[in-house]
Structure formats: structure tokens, C-alpha cells
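Structure file entry23.cif with mmCIF, C-alpha atoms:
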```cif
data_my_file
loop_
_atom_site.label_atom_id
_atom_site.label_comp_id
_atom_site.auth_asym_id
_atom_site.auth_seq_id
_atom_site.Cartn_x
_atom_site.Cartn_y
_atom_site.Cartn_z
CA MET S 1 11.27 -7.43 2.33
CA ILE S 2 12.53 -4.92 -0.24
CA GLY S 3 9.68 -5.78 -2.59
CA PHE S 4 7.15 -5.10 0.15
CA TYR S 5 8.59 -1.70 1.04
CA LEU S 6 8.80 -0.75 -2.64
CA ILE S 7 5.00 -0.95 -2.86
CA ILE S 8 4.65 1.50 0.00
CA ALA S 9 7.36 3.81 -1.30
CA ALA S 10 5.94 3.90 -4.83
CA THR S 11 2.43 4.57 -3.54
CA VAL S 12 3.57 7.39 -1.27
CA LEU S 13 5.71 9.01 -3.98
CA VAL S 14 3.04 8.86 -6.69
CA SER S 15 0.33 10.04 -4.29
CA PHE S 16 2.43 12.97 -3.10
CA ASN S 17 3.11 13.92 -6.71
CA ALA S 18 -0.58 13.65 -7.61
CA PHE S 19 -1.55 15.92 -4.71
CA GLN S 20 0.38 18.69 -6.47
CA ASN S 21 -0.31 17.58 -10.05
CA LYS S 22 -4.01 17.56 -10.88
CA PRO S 23 -3.53 16.37 -14.51
CA LEU S 24 -1.70 13.31 -13.15
CA MET S 25 -4.51 12.74 -10.66
CA GLU S 26 -7.08 12.92 -13.47
CA LYS S 27 -5.15 10.48 -15.66
CA CYS S 28 -4.95 7.90 -12.87
CA LEU S 29 -8.53 8.01 -11.57
CA PHE S 30 -10.54 4.80 -11.86
CA SER S 31 -13.33 5.79 -14.26
CA PRO S 32 -15.46 2.86 -15.50
CA TYR S 33 -17.08 5.17 -18.05
CA LEU S 34 -13.75 6.14 -19.66
CA ILE S 35 -12.51 2.57 -19.49
CA LYS S 36 -15.56 1.40 -21.42
CA LYS S 37 -15.79 4.37 -23.79
CA SER S 38 -12.10 4.99 -24.51
CA GLY S 39 -10.46 1.70 -23.57
CA GLU S 40 -8.31 3.34 -20.88
CA TYR S 41 -7.68 0.05 -19.09
CA ASN S 42 -4.53 1.35 -17.42
CA ARG S 43 -6.82 3.23 -15.02
CA MET S 44 -7.80 -0.10 -13.46
CA LEU S 45 -4.30 -0.35 -12.01
CA LEU S 46 -3.00 3.22 -11.86
CA HIS S 47 -5.67 4.38 -9.41
CA ILE S 48 -4.20 2.22 -6.64
CA PHE S 49 -1.13 4.48 -6.52
CA ILE S 50 -3.03 7.72 -5.87
CA HIS S 51 -5.14 8.88 -2.94
CA ALA S 52 -7.65 11.60 -2.22
CA ASP S 53 -5.65 13.25 0.58
CA TYR S 54 -2.98 12.63 3.19
CA SER S 55 -5.34 10.96 5.67
CA HIS S 56 -6.57 8.54 2.97
CA LEU S 57 -2.98 7.67 2.08
CA LEU S 58 -1.92 7.37 5.72
CA PHE S 59 -4.76 5.03 6.65
CA ASN S 60 -4.10 2.66 3.74
CA MET S 61 -0.32 2.61 4.14
CA PHE S 62 -0.59 2.26 7.92
CA SER S 63 -2.80 -0.84 7.51
CA LEU S 64 -0.55 -2.23 4.79
CA PHE S 65 2.63 -1.64 6.79
CA PHE S 66 1.51 -3.42 9.95
CA LEU S 67 -0.63 -6.26 8.61
CA GLY S 68 1.02 -6.60 5.21
CA GLU S 69 4.48 -7.02 6.72
CA ILE S 70 3.29 -9.92 8.88
CA LEU S 71 1.50 -11.54 5.92
CA PHE S 72 4.54 -11.06 3.69
CA LYS S 73 6.83 -12.78 6.20
CA SER S 74 4.30 -15.58 6.68
CA LEU S 75 4.07 -16.22 2.95
CA MET S 76 7.87 -16.25 2.67
CA GLN S 77 8.03 -18.84 5.45
CA PHE S 78 5.27 -20.83 3.75
CA ASN S 79 7.27 -20.96 0.52
CA PRO S 80 10.54 -19.00 0.22
CA ASP S 81 10.56 -19.45 -3.57
CA THR S 82 7.07 -18.12 -4.29
CA GLY S 83 6.14 -16.14 -1.17
CA ILE S 84 6.81 -12.75 -2.74
CA LEU S 85 4.80 -13.73 -5.82
CA HIS S 86 1.86 -14.76 -3.64
CA PHE S 87 1.97 -11.39 -1.88
CA TYR S 88 2.10 -9.46 -5.16
CA ILE S 89 -0.86 -11.44 -6.48
CA ILE S 90 -2.88 -10.76 -3.35
CA TYR S 91 -2.09 -7.05 -3.50
CA PHE S 92 -2.18 -6.20 -7.20
CA VAL S 93 -4.62 -8.80 -8.55
CA GLY S 94 -6.72 -8.21 -5.43
CA GLY S 95 -6.82 -4.54 -6.37
CA LEU S 96 -7.89 -5.39 -9.92
CA PHE S 97 -10.52 -7.83 -8.67
CA ALA S 98 -11.88 -5.10 -6.41
CA THR S 99 -12.68 -2.98 -9.48
CA ILE S 100 -15.04 -5.55 -11.03
CA GLY S 101 -18.10 -4.59 -8.99
CA PRO S 102 -17.60 -0.81 -9.30
CA TYR S 103 -16.92 -1.18 -13.03
CA TYR S 104 -20.16 -3.01 -13.84
CA ARG S 105 -22.19 -0.77 -11.54
CA ASN S 106 -20.83 2.46 -13.00
CA GLN S 107 -19.69 1.79 -16.56
CA ASN S 108 -22.38 4.14 -17.92
CA ASN S 109 -21.98 6.72 -15.17
CA SER S 110 -19.69 9.48 -16.43
CA SER S 111 -19.64 11.22 -13.05
CA TYR S 112 -18.27 8.22 -11.12
CA ALA S 113 -14.57 8.08 -10.28
CA SER S 114 -12.59 6.48 -7.47
CA LEU S 115 -9.00 6.17 -6.35
CA GLY S 116 -6.80 4.62 -3.72
CA ALA S 117 -5.30 1.30 -2.67
CA SER S 118 -8.20 0.33 -0.42
CA GLY S 119 -9.16 -2.70 -2.54
CA CYS S 120 -5.55 -3.94 -2.47
CA VAL S 121 -5.26 -3.36 1.26
CA SER S 122 -8.59 -5.09 1.88
CA ALA S 123 -7.28 -8.16 0.03
CA VAL S 124 -4.16 -8.13 2.20
CA VAL S 125 -6.14 -7.64 5.43
CA PHE S 126 -8.46 -10.57 4.76
CA ALA S 127 -5.64 -12.81 3.57
CA PHE S 128 -3.98 -11.93 6.87
CA ILE S 129 -7.18 -12.72 8.81
CA LEU S 130 -7.45 -16.16 7.25
CA TRP S 131 -3.74 -16.84 7.85
CA HIS S 132 -3.65 -15.50 11.41
CA PRO S 133 -7.26 -15.64 12.68
CA GLN S 134 -6.33 -15.52 16.36
CA LEU S 135 -4.12 -12.43 16.24
CA GLU S 136 -5.84 -9.35 17.65
CA LEU S 137 -6.81 -6.29 15.61
CA MET S 138 -8.50 -2.99 16.37
CA LEU S 139 -11.10 -0.88 14.57
CA LEU S 140 -10.74 2.89 14.84
CA PHE S 141 -14.24 3.17 16.31
CA PHE S 142 -13.83 0.00 18.39
CA PRO S 143 -10.78 0.97 20.45
CA PHE S 144 -9.78 -2.32 21.99
CA PRO S 145 -8.28 -5.42 20.40
CA ILE S 146 -10.46 -8.27 19.14
CA PRO S 147 -9.40 -11.52 17.45
CA ALA S 148 -9.03 -11.28 13.68
CA TYR S 149 -11.67 -13.99 13.10
CA ILE S 150 -14.21 -11.73 14.84
CA PHE S 151 -12.88 -8.51 13.32
CA GLY S 152 -13.33 -9.86 9.76
CA PRO S 153 -17.07 -10.60 9.89
CA ILE S 154 -17.76 -7.32 11.72
CA TYR S 155 -15.87 -5.37 9.07
CA LEU S 156 -17.62 -7.11 6.18
CA ALA S 157 -21.04 -6.64 7.80
CA LEU S 158 -20.38 -2.91 8.15
CA GLU S 159 -19.23 -2.70 4.52
CA PHE S 160 -22.34 -4.53 3.24
CA PHE S 161 -24.56 -2.26 5.36
CA ALA S 162 -22.83 0.87 4.06
CA LEU S 163 -23.07 -0.41 0.47
CA ARG S 164 -26.81 -0.99 0.80
CA LYS S 165 -27.31 2.50 2.19
CA GLY S 166 -25.50 3.83 -0.85
CA LYS S 167 -24.39 7.07 0.75
CA GLY S 168 -20.97 8.69 1.04
CA ASN S 169 -17.99 8.65 -1.30
CA ILE S 170 -16.34 5.43 -0.14
CA ALA S 171 -16.15 2.50 -2.59
CA HIS S 172 -17.52 -0.14 -0.24
CA ASP S 173 -18.01 -2.59 -3.10
CA ALA S 174 -14.27 -2.36 -3.85
CA HIS S 175 -13.47 -3.11 -0.20
CA ILE S 176 -15.74 -6.16 -0.31
CA GLY S 177 -14.28 -7.32 -3.64
CA GLY S 178 -10.73 -7.06 -2.33
CA ALA S 179 -11.67 -8.92 0.86
CA LEU S 180 -13.25 -11.77 -1.12
CA PHE S 181 -10.17 -12.09 -3.32
CA GLY S 182 -7.85 -12.23 -0.30
CA ILE S 183 -9.94 -15.02 1.22
CA ILE S 184 -10.26 -17.00 -2.01
CA TYR S 185 -6.57 -16.78 -2.81
CA ILE S 186 -5.46 -18.07 0.58
CA LEU S 187 -7.92 -20.95 0.26
CA LEU S 188 -6.42 -21.80 -3.13
CA ILE S 189 -2.79 -21.86 -2.02
CA CYS S 190 -3.36 -23.33 1.45
CA PRO S 191 -6.80 -24.94 1.92
CA GLN S 192 -5.84 -25.98 5.45
CA LYS S 193 -6.16 -22.33 6.49
CA GLY S 194 -9.86 -22.54 5.67
CA VAL S 195 -10.23 -25.73 7.67
CA ASN S 196 -8.45 -24.14 10.61
CA PHE S 197 -10.66 -21.05 10.43
CA ILE S 198 -13.89 -23.11 10.40
CA GLU S 199 -12.66 -25.18 13.33
CA LEU S 200 -11.85 -22.00 15.24
CA ILE S 201 -15.24 -20.34 14.77
CA SER S 202 -17.00 -23.64 15.52
CA LEU S 203 -15.52 -23.88 19.02
#
```
The structure given in the file should be rewritten as C-alpha cells.
Amino acid sequence: MIGFYLIIAATVLVSFNAFQNKPLMEKCLFSPYLIKKSGEYNRMLLHIFIHADYSHLLFNMFSLFFLGEILFKSLMQFNPDTGILHFYIIYFVGGLFATIGPYYRNQNNSSYASLGASGCVSAVVFAFILWHPQLELMLLFFPFPIPAYIFGPIYLALEFFALRKGKGNIAHDAHIGGALFGIIYILLICPQKGVNFIELISL
């Protein structure tokens, strides 16, 4: 579990530092324009360690702590030798995958910038949903528990709706990208989870 907690600790420490250090914040922002123009590819990963404010950081780390811990333990039980690697791939590669849509949509937009671990957390959440579809989750604006297999489609529908509206400063396309990666990766390492999910929603 040390590897799991290190992710949270590193994110909190870097975010706290960036709150007080604006040059650091600027260097870590995900900017498709600068990535394309200046080849600053490190921004595609660095932005997941910084957040806009304390509430942004708290929400992401809260979700990661509760759902990520369960997923981490499940992956370790699934394969003690590679469980931690699977989790790291879901989190970090999921975060990179989540930048693909925003990058191609905004590579010529010099005013676009984003930050935060939301794409990584979204990958973890949806990997969790596919692994544990019957466990109950809650939405902040839906204050009673619902099964994960119902929560997932509701969440994605809201994200697609918000993306189509195109308003606000939330990277909904990154959330969707992370979610898709989490689903795809679980299907690759354990196809039976997909079979189980389909059987569950078909009842």
C-alpha cells in the first residue's frame, strides 16, 4: 500500500507548493499550445500533481483515497506480482490518455490550460466500477447510495452533456477520456469483468 499512499502524498505536497509558487504552477500547467509549439511534453504528466485550489485537491484525493484503495487491494489480490503495476498504469497512463482529447481540441488555442488529477482519478473510478459494479457510491448532488453500475452511466451522461454545452472551466473531455481508459484497461487484463458487468445490467 506504500506505493498507493505515495501518489496521494506527492500530489498533496506538490499542489501545496504550487499554491504558494506561481512560477511552479505555470510550469506544470497542461497547455496543448505550448506542448505543440515548444515541445514541452512534460506538461502532459506534471499537471496531474497540481490543482487549482484546496477544494479541487480535496475532491480528487478524497475520491482516490476511498475508491483507489479498494481497487488497489483488489488488483493486488488479482495478481500479487503485478497488481501495483496495473494500478500505476490505470492512474498514470489513464491520466495521459485523458489529455488526448483536450490536446487535439486545443493545440492551437494559446489561452487554454488545465490542471489536476481528475483524468487519473476518473480512470481509477471507472476501473473500480467495472471491478466492483454492485458496490454503492454517492454523487455529491445525489445524496444517497446507488450501485456503481448505475452510478457510472449517470456520471458519463452528465459529463457528455456538460461537454456538449461547452461552458465552465472543467475539462469534461479529460474526465471522459480517463473513464474510457479505466474501462478498457480492466477489460484487457480481466475480460470476465466485462462479462459480469453485462450480465448484471441485463438482469
Worksheet item: Taking the file as shown, what set of residues would the PyMOL selection byres ((chain S and resi 73-87) around 9) give back, as a PyMOL selection string?
Response: chain S and resi 1+3-4+68-72+88-92+124+131+185+189
Worksheet item: What gap, in Å, lies between atom CA of S:Ile129 and atom CA of S:Leu6?
Response: 23.0 Å
Worksheet item: Which one of S:Ala179, S:Leu135, S:Leu163, S:Val195 sits closest to S:Gly119 if you count all atoms listed in the file?
Response: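 Once distances to S:Gly119 are computed over all atoms listed in the file, the minimum belongs to S:Ala179.
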Discussion item. Could you tell me how far atom CA of S:Phe30 sits from atom CA of S:Met44, in Å to one decimal place?
Written reply: 5.8 Å
Worksheet entry | Using all atoms listed in the file: which of S:Leu13, S:Val93, S:Ala113, S:Leu64 has the shortest distance to S:Ile35 |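 Looking at the shortest contact to S:Ile35, the residue is S:Ala113.
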Fill in: Reference answer for the PyMOL selection byres ((chain S and resi 143-149) around 10), as a ChimeraX atom specification
/S:125-126,128-142,150-154,197-198,200-201
Item to complete: Would you mind reading off the distance between atom CA of S:Glu26 and atom CA of S:Thr11, one decimal, in Å?
Response: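 These atoms are spaced 16.1 Å apart.
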Fill in: S:Ala174, S:Cys190, S:Leu29, S:Ala52 ranked by distance to S:Arg105, top pick (using all atoms listed in the file)
S:Ala174
Item to complete: Have a look at S:Ile176, S:Leu156, S:Ala117, S:Ile100 and name the one nearest to S:Val12; count all atoms listed in the file.
Response: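 The answer is S:Ala117, which sits nearest to S:Val12.
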Worksheet entry | Nearest-residue call for S:Asp173, choices S:Pro191, S:Tyr155, S:Thr99, S:Asn108, using all atoms listed in the file |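 Of the candidates, the smallest distance to S:Asp173 is held by S:Thr99.
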Might you pull out every residue within 7 Å of S:Ala127, with only C-alpha atoms counted and same-chain residues fewer than 5 positions away left off, and present them as a PDB file with C-alpha atoms, in the coordinates of the input?
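Contents of selection06.pdb, as written:
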```pdb
ATOM      1  CA  GLY S 182      -7.850 -12.230  -0.300  1.00  0.00           C
ATOM      2  CA  ILE S 183      -9.940 -15.020   1.220  1.00  0.00           C
ATOM      3  CA  ILE S 186      -5.460 -18.070   0.580  1.00  0.00           C
TER       4      ILE S 186
END
```
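Nearest to S:Tyr41 of all the residues S:Ala18, S:Leu67, S:Tyr54, S:Tyr103 is S:Tyr103, counting all atoms listed in the file.
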Practice prompt. With all atoms listed in the file counted, which protein, DNA or RNA residues have an atom no more than 8 Å from (-5.8, 6.4, -6.1) in the file frame? Please answer as a VMD selection string.
Written response: chain S and resid 15 25 28 to 30 46 to 52 114 to 117
